[in-house]
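Participant: Got a structure here, written out as structure tokens. Questions coming.
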Amino acid sequence: MLQRQWGPDRALGVMPVSLADPQTVTISAATTPLPRTSVDKDESEYTSSDGLIRLSVSHSYGKRTRRLIRIDHAKMAPDAFRPTENVQVGMAVYTVFDLPGKGGYTPAEALAVWQGFNAQLSATSNAVVTKLLGGES
């Protein structure tokens, strides 16, 4: 793992490091390797060989500490105005942890909140996300 410069977490005695290289993602039963393509002080990117899938992980610090993990996905689809031509379209899915900048939540407490949130989203065959994507609120 690549070690980065000490950031605001240094008070906790934690030296931030990048995720394992490569990462993988499985979409529609197809597993895609995502080798690391960029690393900076507070962010890393992992990109598929065709450039259509990108995993981004970043941290920002201020009054609030924000930790983001994001998947950007692109594909070729028929152009709505010229159906015989294909255009690249894309979407993103991400999770942001928005934490107090001066502490107050341990990593274990933030993880517990995320686990409850994730369980809600994935319960009953992802029913809540299916409804969300269908426009329900």
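A note on labels: chains of the structure tokens are A, B, ... as shown, every chain counts residues from 1, and ligands are counted from 1 in their shown order.
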Considering only C-alpha atoms, give me a table of residues in stretch 21-67 of chain A that are at most 12 Å from stretch 75-91 of chain A, with the closest atom pair and distance in Å for each, as a tab-separated table.

Facilitator:
```
residue	atom	partner	partner_atom	distance
A:Asp50	CA	A:Lys75	CA	10.4
A:Gly51	CA	A:Lys75	CA	10.0
A:Leu52	CA	A:Lys75	CA	6.6
A:Ile53	CA	A:Lys75	CA	9.0
A:Arg54	CA	A:Met91	CA	10.8
```

Participant: Could those residues be written to a file, using C-alpha atoms, as a compact mmCIF listing (two decimals), in the first residue's frame?

Facilitator:
```txt
# COMPACT_ATOMS: atom_id res chain seq x y z
CA ASP A 50 -11.54 0.44 -21.06
CA GLY A 51 -12.03 3.55 -18.90
CA LEU A 52 -15.77 2.93 -18.49
CA ILE A 53 -15.67 2.18 -14.74
CA ARG A 54 -13.88 4.34 -12.18
```

Participant: Could you pull the residues within 7 Å of A:Pro33, counting only C-alpha atoms, minus those fewer than 5 positions along the same chain, as a PyMOL selection string?

Facilitator: chain A and resi 22-25+48
